[in-house]
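*Asks:* Before we start, here is the structure in question, set down as structure tokens.
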Amino acid sequence: MEGFTPWPEELAARYIAEGYWGDHVLGEVPQGDPDRVALVAGDERLTYAELERRIDRTAAGLHRLGIRRGDRVVLQLPNTASFVIVFLALMRLGAPPVLALPAHRHSEIGYLCELAEAKAYIIPDRHAGYDYRELARSLGGVEHVIVDGEAAEFTPLAELDADPIPLERPDPADVGLFLLSGGTTGLPKLIPRTHRDYVYNLTASAEVCGFTSGTVYLVVLPAAHNFALACPGLLGTLSVGGTVVLAPSGSPDAAFPLIERERATVCAVVPPIALLWLDAATWSEEDLSSLQLLQVGGAKLATEPASKIPGVLGCKLQQVFGMAEGLLNYTRLDDPPELIETTQGRPLSPADEIRVVDPDTGEDVPEGEVGELLTRGPYTLRGYYKAPEHNARSFTADGFYRTGDLVRRLPSGHLVVEGRHKDQINRGGEKIAAEELEGHLIAHPAVHDAAVVGVPDPVMGERTCAFLVARGTPPTLREVKEFLRDRGVADYKWPDRIEVVDAFPRTPVGKISKKALLAMLDKA
Ligand code: J2J
């Protein structure tokens, strides 16, 4: 595929010879007893046999519409059975979806459709009070808009149902899907994941996390997020014949009754949800005793709540330091509590190569000191999709991905995340590229210049503060949010706070000093 950077041939040969890459493709992931429940979503309960049938019929329906191997599709469905069915149908067709989040709006979706040259855009009719058909109407150039629900002038998903047909099997080396990068630049980046690297990602994860056919995995994060999808996520669960339960969100009101009713055994959450659960578990009436493992990742979990999780929630904790780009670090189920509580885990694969370097010189730091994490391996990308200039900066000449994360490595191989060397805000696990938000803010007529920083927050880890240099009367926070909404920017990127200043503090080389901006807040 044009715009995709493959692994060098000798490395690919090694990953195959050493058994990391197999022959499977993502459409073959579900492997369960036909009569066992594979998927629970709302009122729907599908056995493996029923799920298989729905996937094959949907794949045939998409094929009849004209979707073929290699076509790209922007997929934006919430946590519904349709997400799982359509995703796997696209896997069988070999038509890679771009996994948009339900929160994305015109600004993100328009760009993704264009970059991927999407042949189709798949949406719910309405979800969480928003009408996605409106968004679809504002796009140009996508041949098919497919709607789960009331389709209006578009194609109803329910009509994409046809007798199964033989489909050309994708090559395991093909790009299977595109994940979205948290991003550090003005525009979001697409992460191509091949069938074989993602199959390895999810099967190796399922093994390390002890998933079996008895696993009941509750999805509370958006299913389109790498963590909930494949680490081991819903796909890892289906790969071992377990049961996937979809929840609309991670709030205790939504999740706890489902844990009780479905006897859920595992769930993956971000730290703010873990904190909510710790609090809610002390007064909630639901029986959470089925829960065996809580995976926490996406942002750093503080040691204090980490140490409380087993006692309060009655389950093991696993810290997960992952990234859609690839590398996954997990604390192991049998690690001593001290490591589980204070580290973000160690790499999933023996083939993951790790370097910890001085971000300025690129030299390895002495063992045990803090530096930028670089990585290369059988499930870490070698380049963002169609982004040669950005790739030149994001990878070393020998193919290591520069994560932008500052870590310290312990003798056991476990990593402790100590900070960040990238212009990004991590708002409770949701990533905001400062440059992207600044670009939107500068477009406001009353904003002369903008600089966005993450302000430490006890619950969210960080909240977003936008420093503005005004042109005339500065906008209020509410006006800024309305402006961003009208521009079609996803709401998790909207600032929590604005501060108006006369000028930005600068570093000796003339760059805006975000450190100095943060320090101004401390004094205020
Ligand atoms: C500190 N920072 C963390 C952690 C991610 C599993 C879990 C998370 C993600 C994810 C994922 C962190 N402590 N435990 O894809 O499969 C920050 C780092 C990292 C960035 C990646 C998965 N876990 N982070 O969060 O692509 O800065 O993936 O580089 O959204 O999140 O973000 P993302």
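Please note that chains go A, B, ... in the order of the structure tokens, that every chain numbers its residues from 1, and that ligands are numbered from 1 in the order shown.
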Enumerate as a PyMOL selection string the residues within 9 Å of ligand 1, counting only C-alpha atoms and all ligand atoms.

*Replies:* chain A and resi 179-183+225-233+268-271+295-301+319-330+343-345+403-406+416-420+422+424-426+429-431

*Asks:* Set the distance at 6 Å and use only C-alpha atoms: which residues neighbour range 93-110 of chain A once local chain neighbours fewer than 6 positions away are removed? I'd like the list as a PDB file with N, CA and C atoms, in the first residue's frame.

*Replies:*
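Written output follows (around_12.pdb):
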ATOM      1  N   ARG A  69     -11.242  -5.288  -1.217  1.00  0.00           N
ATOM      2  CA  ARG A  69      -9.944  -5.384  -0.550  1.00  0.00           C
ATOM      3  C   ARG A  69      -9.101  -4.141  -0.870  1.00  0.00           C
ATOM      4  N   GLY A  70      -8.543  -3.532   0.166  1.00  0.00           N
ATOM      5  CA  GLY A  70      -7.685  -2.358  -0.008  1.00  0.00           C
ATOM      6  C   GLY A  70      -8.420  -1.035   0.104  1.00  0.00           C
ATOM      7  N   ASP A  71      -9.751  -1.032  -0.009  1.00  0.00           N
ATOM      8  CA  ASP A  71     -10.512   0.220   0.162  1.00  0.00           C
ATOM      9  C   ASP A  71     -10.435   0.653   1.621  1.00  0.00           C
ATOM     10  N   ARG A  72     -10.351   1.945   1.825  1.00  0.00           N
ATOM     11  CA  ARG A  72     -10.344   2.452   3.200  1.00  0.00           C
ATOM     12  C   ARG A  72     -11.737   2.954   3.589  1.00  0.00           C
ATOM     13  N   VAL A  73     -12.070   2.733   4.870  1.00  0.00           N
ATOM     14  CA  VAL A  73     -13.398   3.070   5.376  1.00  0.00           C
ATOM     15  C   VAL A  73     -13.224   3.794   6.708  1.00  0.00           C
ATOM     16  N   VAL A  74     -13.816   4.960   6.869  1.00  0.00           N
ATOM     17  CA  VAL A  74     -13.755   5.611   8.180  1.00  0.00           C
ATOM     18  C   VAL A  74     -14.904   5.058   9.025  1.00  0.00           C
ATOM     19  N   LEU A  75     -14.537   4.429  10.129  1.00  0.00           N
ATOM     20  CA  LEU A  75     -15.508   3.760  10.997  1.00  0.00           C
ATOM     21  C   LEU A  75     -15.656   4.566  12.277  1.00  0.00           C
ATOM     22  N   GLN A  76     -16.874   5.035  12.531  1.00  0.00           N
ATOM     23  CA  GLN A  76     -17.105   5.846  13.733  1.00  0.00           C
ATOM     24  C   GLN A  76     -18.373   5.368  14.430  1.00  0.00           C
ATOM     25  N   PRO A  78     -20.094   3.837  18.125  1.00  0.00           N
ATOM     26  CA  PRO A  78     -19.883   3.712  19.568  1.00  0.00           C
ATOM     27  C   PRO A  78     -19.842   2.244  19.978  1.00  0.00           C
ATOM     28  N   PRO A 170      -7.307 -11.551   2.644  1.00  0.00           N
ATOM     29  CA  PRO A 170      -6.213 -10.578   2.651  1.00  0.00           C
ATOM     30  C   PRO A 170      -4.881 -11.267   2.945  1.00  0.00           C
ATOM     31  N   GLY A 176      -4.212  -3.904   7.979  1.00  0.00           N
ATOM     32  CA  GLY A 176      -5.536  -4.371   8.367  1.00  0.00           C
ATOM     33  C   GLY A 176      -6.432  -3.245   8.864  1.00  0.00           C
ATOM     34  N   LEU A 177      -5.811  -2.269   9.524  1.00  0.00           N
ATOM     35  CA  LEU A 177      -6.580  -1.155  10.090  1.00  0.00           C
ATOM     36  C   LEU A 177      -5.651   0.026  10.335  1.00  0.00           C
ATOM     37  N   PHE A 178      -6.267   1.165  10.540  1.00  0.00           N
ATOM     38  CA  PHE A 178      -5.515   2.367  10.906  1.00  0.00           C
ATOM     39  C   PHE A 178      -6.001   2.848  12.260  1.00  0.00           C
ATOM     40  N   LEU A 179      -5.052   3.003  13.193  1.00  0.00           N
ATOM     41  CA  LEU A 179      -5.383   3.603  14.486  1.00  0.00           C
ATOM     42  C   LEU A 179      -4.983   5.070  14.436  1.00  0.00           C
ATOM     43  N   ALA A 224     -13.051   1.555  19.822  1.00  0.00           N
ATOM     44  CA  ALA A 224     -12.121   1.915  18.746  1.00  0.00           C
ATOM     45  C   ALA A 224     -10.728   2.250  19.280  1.00  0.00           C
ATOM     46  N   GLY A 488     -15.997  22.351  14.602  1.00  0.00           N
ATOM     47  CA  GLY A 488     -16.055  20.893  14.504  1.00  0.00           C
ATOM     48  C   GLY A 488     -14.860  20.210  15.146  1.00  0.00           C
ATOM     49  N   VAL A 489     -14.423  20.741  16.291  1.00  0.00           N
ATOM     50  CA  VAL A 489     -13.306  20.131  17.022  1.00  0.00           C
ATOM     51  C   VAL A 489     -13.878  19.259  18.148  1.00  0.00           C
ATOM     52  N   ALA A 490     -13.392  18.036  18.278  1.00  0.00           N
ATOM     53  CA  ALA A 490     -13.868  17.115  19.324  1.00  0.00           C
ATOM     54  C   ALA A 490     -13.791  17.777  20.695  1.00  0.00           C
TER      55      ALA A 490
END

*Asks:* Quick one: residues within 8 Å of range 19-23 of chain A, only C-alpha atoms, excluding same-chain residues fewer than 3 positions away - as a PyMOL selection string?

*Replies:* chain A and resi 15-16+172+196-197+200+378

*Asks:* Grab the residues selected above and save them as a CSV table (one decimal), in the first residue's frame with N, CA and C atoms.

*Replies:*
chain,number,residue,atom,x,y,z
A,15,TYR,N,11.1,-12.1,12.2
A,15,TYR,CA,9.8,-12.2,13.0
A,15,TYR,C,9.0,-13.4,12.6
A,16,ILE,N,9.1,-13.8,11.3
A,16,ILE,CA,8.3,-15.0,10.9
A,16,ILE,C,9.0,-16.2,11.4
A,172,PRO,N,-1.6,-11.6,5.1
A,172,PRO,CA,-1.3,-11.3,6.5
A,172,PRO,C,-0.4,-10.0,6.6
A,196,ARG,N,-0.8,-9.2,10.5
A,196,ARG,CA,0.0,-10.1,11.3
A,196,ARG,C,0.6,-9.4,12.5
A,197,ASP,N,0.9,-8.1,12.4
A,197,ASP,CA,1.4,-7.5,13.6
A,197,ASP,C,0.3,-7.3,14.7
A,200,TYR,N,-0.5,-10.6,16.4
A,200,TYR,CA,0.5,-10.9,17.4
A,200,TYR,C,0.2,-10.1,18.6
A,378,PRO,N,8.2,-6.2,16.7
A,378,PRO,CA,7.3,-6.9,15.7
A,378,PRO,C,5.9,-6.3,15.6

*Asks:* Among range 137-187 of chain A, which residues carry a DSSP assignment of strand (DSSP E or B), reported as a PyMOL selection string?

*Replies:* chain A and resi 144-148+155-156+175-180

*Asks:* With C-alpha atoms retained, export the selected residues as a PDB file, in the first residue's frame.

*Replies:*
ATOM      1  CA  HIS A 144     -20.963   5.808   0.674  1.00  0.00           C
ATOM      2  CA  VAL A 145     -22.303   6.937   4.023  1.00  0.00           C
ATOM      3  CA  ILE A 146     -23.613   3.949   5.978  1.00  0.00           C
ATOM      4  CA  VAL A 147     -25.849   4.561   8.967  1.00  0.00           C
ATOM      5  CA  ASP A 148     -26.605   2.245  11.872  1.00  0.00           C
ATOM      6  CA  THR A 155     -27.427   3.676   3.178  1.00  0.00           C
ATOM      7  CA  PRO A 156     -28.890   1.791   6.149  1.00  0.00           C
ATOM      8  CA  VAL A 175      -2.511  -3.169   6.408  1.00  0.00           C
ATOM      9  CA  GLY A 176      -5.536  -4.371   8.367  1.00  0.00           C
ATOM     10  CA  LEU A 177      -6.580  -1.155  10.090  1.00  0.00           C
ATOM     11  CA  PHE A 178      -5.515   2.367  10.906  1.00  0.00           C
ATOM     12  CA  LEU A 179      -5.383   3.603  14.486  1.00  0.00           C
ATOM     13  CA  LEU A 180      -5.230   7.284  15.341  1.00  0.00           C
TER      14      LEU A 180
END

*Asks:* List the spatial neighbours of Glu260 in chain A as a VMD selection string - criterion: any atom at most 8 Å away, only C-alpha atoms, same-chain residues fewer than 2 positions off excluded.

*Replies:* chain A and resid 256 to 258 262 to 264 286 to 290

*Asks:* Quote the spacing between CA of Arg126 in chain A and CA of Ala274 in chain A in Å to one decimal place.

*Replies:*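 So the answer is 28.3 Å.
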
*Asks:* Given only C-alpha atoms as the basis, pick out the residue of A:Leu238, A:Arg402, A:Met91, A:Pro347 nearest to Thr184 in chain A.

*Replies:*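 Of all the options, A:Arg402 lies closest to Thr184 in chain A.
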
*Asks:* I'd like the interatomic distance between CA of Glu117 in chain A and CA of Val29 in chain A, to a tenth of an Å.

*Replies:*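 According to the coordinates, CA of Glu117 in chain A and CA of Val29 in chain A are separated by 26.9 Å.
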
*Asks:* Got a sec to tell me which of range 276-318 of chain A DSSP assigns to alpha helix (DSSP H), as JSON, numbers by chain?

*Replies:* {"A": [276, 277, 278, 279, 280, 281, 303, 304, 305, 306, 307, 308, 309, 310, 311, 312, 313]}

*Asks:* The selected residues should be written to file as a compact mmCIF listing (two decimals), in the first residue's frame (atoms: C-alpha atoms).

*Replies:*
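File out.txt, as written:
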# COMPACT_ATOMS: atom_id res chain seq x y z
CA LEU A 276 -14.18 6.85 40.37
CA TRP A 277 -14.52 3.11 40.87
CA LEU A 278 -12.46 3.17 44.06
CA ASP A 279 -14.80 5.78 45.43
CA ALA A 280 -18.06 4.24 44.17
CA ALA A 281 -17.18 0.71 45.31
CA THR A 303 0.95 4.75 43.60
CA GLU A 304 -1.64 5.50 46.28
CA PRO A 305 -4.74 4.51 44.31
CA ALA A 306 -2.75 1.66 42.74
CA SER A 307 -2.12 0.15 46.16
CA LYS A 308 -5.81 0.43 47.11
CA ILE A 309 -7.28 -1.31 44.07
CA PRO A 310 -6.87 -4.94 45.19
CA GLY A 311 -8.32 -4.31 48.63
CA VAL A 312 -11.23 -2.11 47.58
CA LEU A 313 -12.22 -3.74 44.30

*Asks:* Could you pull the residues within 12 Å of range 498-507 of chain A, counting only C-alpha atoms, minus those fewer than 3 positions along the same chain, as a ChimeraX atom specification?

*Replies:* /A:441,446-455,463-481,494-495,510-521,524

*Asks:* Write out as a PyMOL selection string each polymer residue whose atoms come within 12 Å of Gly236 in chain A, counting only C-alpha atoms; drop sequence neighbours fewer than 3 positions from it.

*Replies:* chain A and resi 26+28-32+38+198-213+215-217+219+226-233+239-244+266

*Asks:* Residues near range 48-50 of chain A, anyone? I mean within 7 Å using only C-alpha atoms, not counting same-chain ones fewer than 5 positions away, as number ranges by chain.

*Replies:* A: 32-38

*Asks:* Taking C-alpha atoms for each residue, export the selection above as a PDB file, in the first residue's frame.

*Replies:*
ATOM      1  CA  GLY A  32     -15.024 -19.868  20.258  1.00  0.00           C
ATOM      2  CA  ASP A  33     -17.459 -22.642  20.978  1.00  0.00           C
ATOM      3  CA  PRO A  34     -20.394 -21.949  18.589  1.00  0.00           C
ATOM      4  CA  ASP A  35     -22.903 -22.082  21.438  1.00  0.00           C
ATOM      5  CA  ARG A  36     -21.009 -19.865  23.834  1.00  0.00           C
ATOM      6  CA  VAL A  37     -21.985 -16.206  24.156  1.00  0.00           C
ATOM      7  CA  ALA A  38     -19.415 -14.125  22.288  1.00  0.00           C
TER       8      ALA A  38
END

*Asks:* With distances taken over only C-alpha atoms, which residue among A:Arg393, A:Arg54, A:His414, A:Arg14 lies nearest Leu88 in chain A?

*Replies:*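 When distances to Leu88 in chain A are compared using only C-alpha atoms, the smallest one comes from A:Arg54.
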
*Asks:* If I take CA of Lys493 in chain A and CA of Lys189 in chain A, how far is one from the other in Å, to one decimal?

*Replies:*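 The value is 15.8 Å.
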